[in-house]
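Quick look at query.cif (mmCIF, C-alpha atoms and all ligand atoms; chains and numbers go by the auth columns):
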```cif
data_query
loop_
_atom_site.group_PDB
_atom_site.id
_atom_site.type_symbol
_atom_site.label_atom_id
_atom_site.label_comp_id
_atom_site.label_asym_id
_atom_site.label_seq_id
_atom_site.Cartn_x
_atom_site.Cartn_y
_atom_site.Cartn_z
_atom_site.B_iso_or_equiv
_atom_site.auth_seq_id
_atom_site.auth_asym_id
ATOM 1 C CA MET A 1 3.665 -12.091 10.501 0.00 30 Y
ATOM 2 C CA GLY A 2 1.270 -9.627 8.949 0.00 31 Y
ATOM 3 C CA VAL A 3 1.798 -6.968 6.339 0.00 32 Y
ATOM 4 C CA VAL A 4 1.614 -3.247 7.076 0.00 33 Y
ATOM 5 C CA VAL A 5 1.949 -0.885 4.117 0.00 34 Y
ATOM 6 C CA ILE A 6 1.906 2.807 4.994 0.00 35 Y
ATOM 7 C CA ASN A 7 0.796 5.074 2.164 0.00 36 Y
ATOM 8 C CA PHE A 8 2.247 8.562 2.676 0.00 37 Y
ATOM 9 C CA LYS A 9 -0.140 9.962 0.003 0.00 38 Y
ATOM 10 C CA ALA A 10 0.457 13.631 -0.807 0.00 39 Y
ATOM 11 C CA TYR A 11 0.016 14.666 2.816 0.00 40 Y
ATOM 12 C CA ARG A 12 2.296 17.492 3.891 0.00 41 Y
ATOM 13 C CA GLU A 13 3.325 15.164 6.739 0.00 42 Y
ATOM 14 C CA GLY A 14 4.197 12.511 4.129 0.00 43 Y
ATOM 15 C CA SER A 15 6.299 14.694 1.843 0.00 44 Y
ATOM 16 C CA GLY A 16 9.877 15.962 1.781 0.00 45 Y
ATOM 17 C CA LYS A 17 11.636 16.181 5.140 0.00 46 Y
ATOM 18 C CA LEU A 18 8.648 14.855 7.052 0.00 47 Y
ATOM 19 C CA ALA A 19 8.468 11.875 4.691 0.00 48 Y
ATOM 20 C CA MET A 20 12.121 11.065 5.375 0.00 49 Y
ATOM 21 C CA GLU A 21 11.503 11.369 9.106 0.00 50 Y
ATOM 22 C CA LEU A 22 8.539 8.981 8.916 0.00 51 Y
ATOM 23 C CA ALA A 23 10.422 6.564 6.669 0.00 52 Y
ATOM 24 C CA LYS A 24 13.174 6.325 9.297 0.00 53 Y
ATOM 25 C CA ILE A 25 10.595 5.790 12.033 0.00 54 Y
ATOM 26 C CA ALA A 26 9.044 2.957 9.997 0.00 55 Y
ATOM 27 C CA ASP A 27 12.503 1.485 9.408 0.00 56 Y
ATOM 28 C CA ASP A 28 13.298 1.573 13.108 0.00 57 Y
ATOM 29 C CA VAL A 29 9.948 0.080 14.154 0.00 58 Y
ATOM 30 C CA ALA A 30 10.283 -2.633 11.485 0.00 59 Y
ATOM 31 C CA SER A 31 13.672 -3.629 12.892 0.00 60 Y
ATOM 32 C CA ARG A 32 12.024 -4.291 16.267 0.00 61 Y
ATOM 33 C CA SER A 33 8.817 -5.892 15.018 0.00 62 Y
ATOM 34 C CA ASP A 34 7.808 -9.270 13.597 0.00 63 Y
ATOM 35 C CA GLU A 35 5.499 -7.597 11.092 0.00 64 Y
ATOM 36 C CA TYR A 36 6.491 -6.787 7.518 0.00 65 Y
ATOM 37 C CA ILE A 37 6.390 -2.994 7.295 0.00 66 Y
ATOM 38 C CA ALA A 38 6.705 -1.182 3.955 0.00 67 Y
ATOM 39 C CA ILE A 39 6.012 2.363 2.825 0.00 68 Y
ATOM 40 C CA ALA A 40 4.546 3.962 -0.321 0.00 69 Y
ATOM 41 C CA VAL A 41 5.972 7.410 -0.950 0.00 70 Y
ATOM 42 C CA ASN A 42 5.650 10.059 -3.636 0.00 71 Y
ATOM 43 C CA SER A 43 7.861 9.662 -6.685 0.00 72 Y
ATOM 44 C CA LEU A 44 9.997 12.719 -5.900 0.00 73 Y
ATOM 45 C CA ASP A 45 10.930 11.475 -2.424 0.00 74 Y
ATOM 46 C CA LEU A 46 11.398 7.846 -3.443 0.00 75 Y
ATOM 47 C CA ALA A 47 15.053 7.785 -4.519 0.00 76 Y
ATOM 48 C CA GLU A 48 16.319 9.641 -1.476 0.00 77 Y
ATOM 49 C CA ILE A 49 14.285 7.548 0.964 0.00 78 Y
ATOM 50 C CA VAL A 50 15.370 4.251 -0.609 0.00 79 Y
ATOM 51 C CA LYS A 51 18.993 5.159 0.170 0.00 80 Y
ATOM 52 C CA GLU A 52 18.266 5.773 3.848 0.00 81 Y
ATOM 53 C CA VAL A 53 16.132 2.795 4.894 0.00 82 Y
ATOM 54 C CA SER A 54 16.213 -1.004 4.777 0.00 83 Y
ATOM 55 C CA ILE A 55 12.456 -1.512 4.530 0.00 84 Y
ATOM 56 C CA ASP A 56 10.762 -1.882 1.153 0.00 85 Y
ATOM 57 C CA VAL A 57 9.735 1.372 -0.483 0.00 86 Y
ATOM 58 C CA PHE A 58 6.868 1.453 -2.982 0.00 87 Y
ATOM 59 C CA ALA A 59 5.748 4.106 -5.427 0.00 88 Y
ATOM 60 C CA GLN A 60 2.157 5.283 -5.037 0.00 89 Y
ATOM 61 C CA HIS A 61 1.510 5.137 -8.764 0.00 90 Y
ATOM 62 C CA VAL A 62 3.209 4.466 -12.072 0.00 91 Y
ATOM 63 C CA ASP A 63 1.952 5.335 -15.512 0.00 92 Y
ATOM 64 C CA ALA A 64 0.982 2.672 -18.035 0.00 93 Y
ATOM 65 C CA VAL A 65 3.681 3.588 -20.528 0.00 94 Y
ATOM 66 C CA ASP A 66 6.965 2.247 -21.828 0.00 95 Y
ATOM 67 C CA PHE A 67 9.869 4.600 -22.463 0.00 96 Y
ATOM 68 C CA GLY A 68 8.976 7.038 -25.218 0.00 97 Y
ATOM 69 C CA SER A 69 7.290 10.321 -25.979 0.00 98 Y
ATOM 70 C CA HIS A 70 5.152 10.582 -22.839 0.00 99 Y
ATOM 71 C CA THR A 71 5.651 13.969 -21.262 0.00 100 Y
ATOM 72 C CA GLY A 72 5.423 14.099 -17.502 0.00 101 Y
ATOM 73 C CA ARG A 73 5.036 10.341 -17.099 0.00 102 Y
ATOM 74 C CA ILE A 74 6.850 7.984 -14.723 0.00 103 Y
ATOM 75 C CA ASN A 75 7.029 4.361 -15.783 0.00 104 Y
ATOM 76 C CA ALA A 76 7.816 1.146 -13.929 0.00 105 Y
ATOM 77 C CA GLU A 77 11.380 1.001 -15.252 0.00 106 Y
ATOM 78 C CA MET A 78 12.091 4.407 -13.710 0.00 107 Y
ATOM 79 C CA ILE A 79 10.933 3.450 -10.229 0.00 108 Y
ATOM 80 C CA LYS A 80 12.868 0.194 -10.451 0.00 109 Y
ATOM 81 C CA GLU A 81 16.043 2.098 -11.287 0.00 110 Y
ATOM 82 C CA LYS A 82 15.523 4.241 -8.181 0.00 111 Y
ATOM 83 C CA GLY A 83 15.250 1.149 -6.003 0.00 112 Y
ATOM 84 C CA ALA A 84 11.498 0.824 -5.488 0.00 113 Y
ATOM 85 C CA LYS A 85 10.166 -2.559 -4.449 0.00 114 Y
ATOM 86 C CA GLY A 86 7.001 -2.064 -6.489 0.00 115 Y
ATOM 87 C CA SER A 87 3.985 0.187 -6.730 0.00 116 Y
ATOM 88 C CA LEU A 88 0.445 0.743 -5.628 0.00 117 Y
ATOM 89 C CA ILE A 89 -1.868 0.633 -8.645 0.00 118 Y
ATOM 90 C CA ASN A 90 -5.376 2.044 -9.061 0.00 119 Y
ATOM 91 C CA HIS A 91 -5.625 3.668 -5.644 0.00 120 Y
ATOM 92 C CA SER A 92 -9.086 5.127 -5.143 0.00 121 Y
ATOM 93 C CA GLU A 93 -7.457 8.554 -5.327 0.00 122 Y
ATOM 94 C CA ARG A 94 -5.757 7.588 -8.605 0.00 123 Y
ATOM 95 C CA ARG A 95 -8.140 5.303 -10.492 0.00 124 Y
ATOM 96 C CA LEU A 96 -7.032 3.726 -13.778 0.00 125 Y
ATOM 97 C CA LYS A 97 -8.628 2.000 -16.758 0.00 126 Y
ATOM 98 C CA LEU A 98 -8.727 -1.800 -16.641 0.00 127 Y
ATOM 99 C CA ALA A 99 -6.335 -2.080 -19.598 0.00 128 Y
ATOM 100 C CA ASP A 100 -3.832 0.200 -17.839 0.00 129 Y
ATOM 101 C CA ILE A 101 -4.040 -1.786 -14.607 0.00 130 Y
ATOM 102 C CA GLU A 102 -3.286 -4.963 -16.542 0.00 131 Y
ATOM 103 C CA PHE A 103 -0.407 -3.286 -18.364 0.00 132 Y
ATOM 104 C CA ILE A 104 1.200 -2.100 -15.116 0.00 133 Y
ATOM 105 C CA VAL A 105 0.712 -5.400 -13.265 0.00 134 Y
ATOM 106 C CA SER A 106 2.349 -7.306 -16.142 0.00 135 Y
ATOM 107 C CA LYS A 107 5.136 -4.757 -16.478 0.00 136 Y
ATOM 108 C CA LEU A 108 5.932 -4.854 -12.748 0.00 137 Y
ATOM 109 C CA ARG A 109 5.959 -8.641 -12.806 0.00 138 Y
ATOM 110 C CA SER A 110 8.310 -8.736 -15.784 0.00 139 Y
ATOM 111 C CA LEU A 111 10.668 -6.350 -13.960 0.00 140 Y
ATOM 112 C CA GLY A 112 10.570 -8.423 -10.758 0.00 141 Y
ATOM 113 C CA LEU A 113 8.654 -5.715 -8.894 0.00 142 Y
ATOM 114 C CA THR A 114 5.694 -6.144 -6.548 0.00 143 Y
ATOM 115 C CA SER A 115 2.194 -4.976 -7.459 0.00 144 Y
ATOM 116 C CA ILE A 116 -0.514 -3.889 -5.033 0.00 145 Y
ATOM 117 C CA VAL A 117 -3.788 -3.270 -6.871 0.00 146 Y
ATOM 118 C CA CYS A 118 -6.340 -1.267 -4.905 0.00 147 Y
ATOM 119 C CA THR A 119 -10.038 -2.098 -5.203 0.00 148 Y
ATOM 120 C CA ASN A 120 -13.214 -0.746 -3.680 0.00 149 Y
ATOM 121 C CA ASN A 121 -15.472 -3.765 -3.147 0.00 150 Y
ATOM 122 C CA VAL A 122 -15.802 -7.547 -3.520 0.00 151 Y
ATOM 123 C CA PRO A 123 -16.453 -7.753 -7.304 0.00 152 Y
ATOM 124 C CA THR A 124 -13.570 -5.417 -8.150 0.00 153 Y
ATOM 125 C CA THR A 125 -11.319 -7.407 -5.821 0.00 154 Y
ATOM 126 C CA ALA A 126 -12.226 -10.589 -7.734 0.00 155 Y
ATOM 127 C CA ALA A 127 -11.634 -8.825 -11.050 0.00 156 Y
ATOM 128 C CA ALA A 128 -8.271 -7.417 -9.961 0.00 157 Y
ATOM 129 C CA SER A 129 -7.188 -10.844 -8.683 0.00 158 Y
ATOM 130 C CA ALA A 130 -7.669 -12.251 -12.186 0.00 159 Y
ATOM 131 C CA LEU A 131 -4.864 -9.947 -13.368 0.00 160 Y
ATOM 132 C CA ASN A 132 -2.467 -11.852 -11.090 0.00 161 Y
ATOM 133 C CA PRO A 133 -0.954 -9.057 -9.008 0.00 162 Y
ATOM 134 C CA ASN A 134 1.020 -9.885 -5.870 0.00 163 Y
ATOM 135 C CA TYR A 135 -1.557 -8.142 -3.680 0.00 164 Y
ATOM 136 C CA VAL A 136 -5.015 -6.687 -3.929 0.00 165 Y
ATOM 137 C CA ALA A 137 -5.968 -4.096 -1.298 0.00 166 Y
ATOM 138 C CA VAL A 138 -9.663 -3.580 -0.758 0.00 167 Y
ATOM 139 C CA GLU A 139 -10.556 -0.118 0.543 0.00 168 Y
ATOM 140 C CA PRO A 140 -14.145 1.150 0.672 0.00 169 Y
ATOM 141 C CA PRO A 141 -13.647 4.795 -0.397 0.00 170 Y
ATOM 142 C CA GLU A 142 -16.256 6.145 1.999 0.00 171 Y
ATOM 143 C CA LEU A 143 -14.176 4.982 4.987 0.00 172 Y
ATOM 144 C CA ILE A 144 -10.831 6.319 3.775 0.00 173 Y
ATOM 145 C CA GLY A 145 -9.425 8.952 6.102 0.00 174 Y
ATOM 146 C CA THR A 146 -12.344 8.638 8.544 0.00 175 Y
ATOM 147 C CA GLY A 147 -10.659 6.669 11.316 0.00 176 Y
ATOM 148 C CA ILE A 148 -13.579 4.203 11.077 0.00 177 Y
ATOM 149 C CA PRO A 149 -11.810 0.896 10.411 0.00 178 Y
ATOM 150 C CA VAL A 150 -13.030 -1.242 7.532 0.00 179 Y
ATOM 151 C CA SER A 151 -12.131 -4.344 9.545 0.00 180 Y
ATOM 152 C CA LYS A 152 -14.703 -3.395 12.185 0.00 181 Y
ATOM 153 C CA ALA A 153 -17.273 -1.323 10.272 0.00 182 Y
ATOM 154 C CA GLU A 154 -17.515 -3.572 7.216 0.00 183 Y
ATOM 155 C CA PRO A 155 -15.943 -6.912 8.135 0.00 184 Y
ATOM 156 C CA GLU A 156 -17.982 -8.727 5.482 0.00 185 Y
ATOM 157 C CA ILE A 157 -16.236 -6.754 2.722 0.00 186 Y
ATOM 158 C CA VAL A 158 -12.869 -7.974 3.971 0.00 187 Y
ATOM 159 C CA GLU A 159 -13.981 -11.562 4.510 0.00 188 Y
ATOM 160 C CA ASN A 160 -15.806 -11.799 1.187 0.00 189 Y
ATOM 161 C CA SER A 161 -12.950 -10.112 -0.661 0.00 190 Y
ATOM 162 C CA VAL A 162 -10.524 -12.712 0.664 0.00 191 Y
ATOM 163 C CA LYS A 163 -12.897 -15.503 -0.431 0.00 192 Y
ATOM 164 C CA ALA A 164 -13.541 -13.992 -3.849 0.00 193 Y
ATOM 165 C CA ALA A 165 -9.866 -13.281 -4.502 0.00 194 Y
ATOM 166 C CA LYS A 166 -8.766 -16.799 -3.555 0.00 195 Y
ATOM 167 C CA GLU A 167 -11.479 -18.364 -5.731 0.00 196 Y
ATOM 168 C CA VAL A 168 -10.094 -16.497 -8.721 0.00 197 Y
ATOM 169 C CA ASN A 169 -6.390 -16.742 -7.913 0.00 198 Y
ATOM 170 C CA ARG A 170 -4.933 -18.793 -5.072 0.00 199 Y
ATOM 171 C CA ASN A 171 -1.666 -16.884 -5.188 0.00 200 Y
ATOM 172 C CA VAL A 172 -2.957 -13.381 -4.664 0.00 201 Y
ATOM 173 C CA LYS A 173 -2.624 -11.903 -1.182 0.00 202 Y
ATOM 174 C CA VAL A 174 -5.368 -9.666 0.143 0.00 203 Y
ATOM 175 C CA LEU A 175 -4.832 -6.517 2.179 0.00 204 Y
ATOM 176 C CA CYS A 176 -7.554 -4.239 3.457 0.00 205 Y
ATOM 177 C CA GLY A 177 -7.532 -0.571 4.222 0.00 206 Y
ATOM 178 C CA ALA A 178 -9.525 2.525 5.155 0.00 207 Y
ATOM 179 C CA GLY A 179 -9.749 3.853 8.668 0.00 208 Y
ATOM 180 C CA ILE A 180 -7.177 1.431 10.137 0.00 209 Y
ATOM 181 C CA THR A 181 -5.563 3.182 13.091 0.00 210 Y
ATOM 182 C CA CYS A 182 -4.740 0.893 15.996 0.00 211 Y
ATOM 183 C CA HIS A 183 -3.594 -2.621 16.846 0.00 212 Y
ATOM 184 C CA GLU A 184 -7.144 -3.801 17.383 0.00 213 Y
ATOM 185 C CA ASP A 185 -8.111 -2.740 13.825 0.00 214 Y
ATOM 186 C CA TYR A 186 -5.032 -4.501 12.470 0.00 215 Y
ATOM 187 C CA VAL A 187 -5.675 -7.731 14.366 0.00 216 Y
ATOM 188 C CA ALA A 188 -9.322 -7.651 13.263 0.00 217 Y
ATOM 189 C CA ALA A 189 -8.128 -7.467 9.631 0.00 218 Y
ATOM 190 C CA LEU A 190 -5.852 -10.486 10.128 0.00 219 Y
ATOM 191 C CA ASP A 191 -8.651 -12.393 11.860 0.00 220 Y
ATOM 192 C CA LEU A 192 -10.865 -11.819 8.816 0.00 221 Y
ATOM 193 C CA GLY A 193 -8.287 -13.561 6.636 0.00 222 Y
ATOM 194 C CA ALA A 194 -6.454 -10.537 5.245 0.00 223 Y
ATOM 195 C CA GLU A 195 -2.658 -10.765 5.020 0.00 224 Y
ATOM 196 C CA GLY A 196 -2.425 -7.258 6.405 0.00 225 Y
ATOM 197 C CA VAL A 197 -3.377 -3.642 5.946 0.00 226 Y
ATOM 198 C CA LEU A 198 -2.770 -0.643 3.710 0.00 227 Y
ATOM 199 C CA LEU A 199 -3.147 2.514 5.758 0.00 228 Y
ATOM 200 C CA ALA A 200 -2.333 6.202 5.733 0.00 229 Y
ATOM 201 C CA SER A 201 -3.761 8.892 8.011 0.00 230 Y
ATOM 202 C CA GLY A 202 -3.717 6.832 11.230 0.00 231 Y
ATOM 203 C CA ILE A 203 0.086 6.878 11.071 0.00 232 Y
ATOM 204 C CA VAL A 204 1.078 9.683 8.685 0.00 233 Y
ATOM 205 C CA LYS A 205 -1.053 12.282 10.442 0.00 234 Y
ATOM 206 C CA ALA A 206 -0.691 10.999 14.004 0.00 235 Y
ATOM 207 C CA LYS A 207 0.693 13.471 16.571 0.00 236 Y
ATOM 208 C CA ASP A 208 3.299 10.955 17.691 0.00 237 Y
ATOM 209 C CA ARG A 209 3.971 8.834 14.626 0.00 238 Y
ATOM 210 C CA LYS A 210 6.502 6.531 16.232 0.00 239 Y
ATOM 211 C CA THR A 211 4.173 5.634 19.097 0.00 240 Y
ATOM 212 C CA ALA A 212 1.238 5.229 16.691 0.00 241 Y
ATOM 213 C CA LEU A 213 3.162 2.741 14.551 0.00 242 Y
ATOM 214 C CA GLU A 214 4.547 0.891 17.554 0.00 243 Y
ATOM 215 C CA GLU A 215 1.006 0.556 18.902 0.00 244 Y
ATOM 216 C CA LEU A 216 -0.339 -0.583 15.531 0.00 245 Y
ATOM 217 C CA VAL A 217 2.107 -3.487 15.282 0.00 246 Y
ATOM 218 C CA GLY A 218 1.722 -4.429 18.947 0.00 247 Y
ATOM 219 C CA LEU A 219 5.025 -3.158 20.366 0.00 248 Y
ATOM 220 C CA LYS A 220 3.220 -0.927 22.899 0.00 249 Y
HETATM 221 O O1 LIG B . -3.983 3.815 0.891 0.00 301 D
HETATM 222 C C1 LIG B . -4.486 3.796 2.174 0.00 301 D
HETATM 223 C C2 LIG B . -5.707 4.564 2.318 0.00 301 D
HETATM 224 O O2 LIG B . -6.420 4.931 1.228 0.00 301 D
HETATM 225 C C3 LIG B . -6.445 4.431 3.581 0.00 301 D
HETATM 226 O O3 LIG B . -6.366 5.678 4.124 0.00 301 D
HETATM 227 O O4 LIG B . -6.219 7.315 5.883 0.00 301 D
HETATM 228 O O5 LIG B . -8.083 5.653 5.880 0.00 301 D
HETATM 229 O O6 LIG B . -5.761 4.908 6.400 0.00 301 D
HETATM 230 P P1 LIG B . -6.617 5.881 5.674 0.00 301 D
#
```

Mind converting the file's structure to structure tokens?
Ligand code: G3P
Amino acid sequence: MGVVVINFKAYREGSGKLAMELAKIADDVASRSDEYIAIAVNSLDLAEIVKEVSIDVFAQHVDAVDFGSHTGRINAEMIKEKGAKGSLINHSERRLKLADIEFIVSKLRSLGLTSIVCTNNVPTTAAASALNPNYVAVEPPELIGTGIPVSKAEPEIVENSVKAAKEVNRNVKVLCGAGITCHEDYVAALDLGAEGVLLASGIVKAKDRKTALEELVGLK
């Protein structure tokens, strides 16, 4: 069983009503698939979506703060209370300082939540693994949103990230992402030693999202 995490980003198709629709599609496909399918949604949609689906729902980001005088911030405790499974951290579209990444990983762990730290290459994957998150997700930024799959275009990044991560921390699981669209891309990622994929546009922006996800996990 592989891991498929769908990041809804701030796409129009991944927000509000369309986010709920996609969340239910993912829930339905997950119930018929052997793969572990989870979603990462925006913080406004999170609470409502959690109530409607059985799959794990992640936040796309949390701030590195405790409760206190932090205007406009959302911390890990808040997403936990809404029923999130965990959060993406340091996505390439939401980069953080090293100290903040460490703070959030530790905080999520202490709350029993799951952390997925995004990285951009092999050295940052090794560095992130040292912080002991549940997952690292390596995504070369130049391939994000292109439809050119990292698992085919830059297989060595995936393979070497898995090696580097495991050398630093045997427990960390490695995902890869950027350009993943179809079953072949997904299988290629698994063949390279990744536990699964973190993906967005290939599903969120697909014309027929249900069929796209079914194809990705091999149901079609
Ligand atoms: O978080 C997933 C992401 O950055 C990859 O995006 O659109 O290339 O699947 P995409």

Report task. Name every residue that the PyMOL selection byres (((chain Y and resi 107-116) around 8) and not hetatm) selects in this structure, writing the answer as a ChimeraX atom specification with chains first and numbers rising. Result -> /Y:69,72,75-76,79,85-91,103-106,117-118,137,140,142-145

Requested in this report: Counting only C-alpha atoms, find the residues whose atoms lie at most 6 Å from (-3.7, -6.3, 8.0) (file coordinates) and write them out as a ChimeraX atom specification.
Outcome: /Y:32,204,215,218-219,223-226

Query raised in the report: From the set Y:Glu77, Y:Glu64, Y:Asp220, Y:Glu122, which residue has the shortest atom-to-atom contact distance to ligand LIG 301 (chain D), counting all atoms listed in the file?
Result: Y:Glu122

Query raised in the report: Taking only C-alpha atoms into account, which of Y:Lys181, Y:Lys202, Y:Lys239, Y:Lys126 comes nearest Y:Thr154?
Result: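 Of all the options, Y:Lys202 lies closest to Y:Thr154.
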
Query - For ligand LIG 301 (chain D), the nearest of the candidates Y:Asn189, Y:Ser180, Y:Thr210, Y:Thr240, counting only C-alpha atoms and all ligand atoms - result: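 Ranking Y:Asn189, Y:Ser180, Y:Thr210, Y:Thr240 by distance to ligand LIG 301 (chain D), first place goes to Y:Thr210.
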
Requested in this report: For atom CA of Y:His120 and atom CA of Y:Leu227, quote the distance in Å rounded to one decimal.
Outcome: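 Atom CA of Y:Leu227 lies 10.7 Å from atom CA of Y:His120.
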
Requested in this report: Show me which residues sit within 6 Å of ligand LIG 301 (chain D) when counting only C-alpha atoms and all ligand atoms, and put them as number ranges by chain.
Outcome: Y: 36, 173-175, 206-209, 227-231

Query - Using all atoms listed in the file: which of Y:Glu42, Y:Asp57, Y:Glu213, Y:Asp95 has the shortest distance to Y:Val70 - result: Y:Glu42

**Report entry** Separation of atom CA of Y:Glu243 from atom CA of Y:Thr148, in Å and rounded to one decimal
**Finding:** 27.2 Å

**Report entry** Y:Ile35, Y:Ala48, Y:Ile133, Y:Met30 ranked by distance to Y:Ser62, top pick (using all atoms listed in the file)
**Finding:**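 Selected residue with least distance to Y:Ser62: Y:Met30.
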
Requested in this report: Could you state which residues are captured by the PyMOL selection byres (((chain Y and resi 153) around 12) and not hetatm) in this file, as JSON, numbers by chain?
Outcome: {"Y": [119, 121, 127, 146, 147, 148, 149, 150, 151, 152, 154, 155, 156, 157, 158, 159, 160, 165, 166, 167, 168, 169, 186, 189, 190, 191, 193, 194, 197]}

Output C-alpha atoms of each residue in that selection to a file, as a JSON list (two decimals), keeping the file's coordinate frame.
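Heads up, here's the output in selection.json:
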```json
[["chain", "number", "residue", "atom", "x", "y", "z"],
["Y", 119, "ASN", "CA", -5.38, 2.04, -9.06],
["Y", 121, "SER", "CA", -9.09, 5.13, -5.14],
["Y", 127, "LEU", "CA", -8.73, -1.80, -16.64],
["Y", 146, "VAL", "CA", -3.79, -3.27, -6.87],
["Y", 147, "CYS", "CA", -6.34, -1.27, -4.90],
["Y", 148, "THR", "CA", -10.04, -2.10, -5.20],
["Y", 149, "ASN", "CA", -13.21, -0.75, -3.68],
["Y", 150, "ASN", "CA", -15.47, -3.76, -3.15],
["Y", 151, "VAL", "CA", -15.80, -7.55, -3.52],
["Y", 152, "PRO", "CA", -16.45, -7.75, -7.30],
["Y", 154, "THR", "CA", -11.32, -7.41, -5.82],
["Y", 155, "ALA", "CA", -12.23, -10.59, -7.73],
["Y", 156, "ALA", "CA", -11.63, -8.82, -11.05],
["Y", 157, "ALA", "CA", -8.27, -7.42, -9.96],
["Y", 158, "SER", "CA", -7.19, -10.84, -8.68],
["Y", 159, "ALA", "CA", -7.67, -12.25, -12.19],
["Y", 160, "LEU", "CA", -4.86, -9.95, -13.37],
["Y", 165, "VAL", "CA", -5.01, -6.69, -3.93],
["Y", 166, "ALA", "CA", -5.97, -4.10, -1.30],
["Y", 167, "VAL", "CA", -9.66, -3.58, -0.76],
["Y", 168, "GLU", "CA", -10.56, -0.12, 0.54],
["Y", 169, "PRO", "CA", -14.14, 1.15, 0.67],
["Y", 186, "ILE", "CA", -16.24, -6.75, 2.72],
["Y", 189, "ASN", "CA", -15.81, -11.80, 1.19],
["Y", 190, "SER", "CA", -12.95, -10.11, -0.66],
["Y", 191, "VAL", "CA", -10.52, -12.71, 0.66],
["Y", 193, "ALA", "CA", -13.54, -13.99, -3.85],
["Y", 194, "ALA", "CA", -9.87, -13.28, -4.50],
["Y", 197, "VAL", "CA", -10.09, -16.50, -8.72]]
```
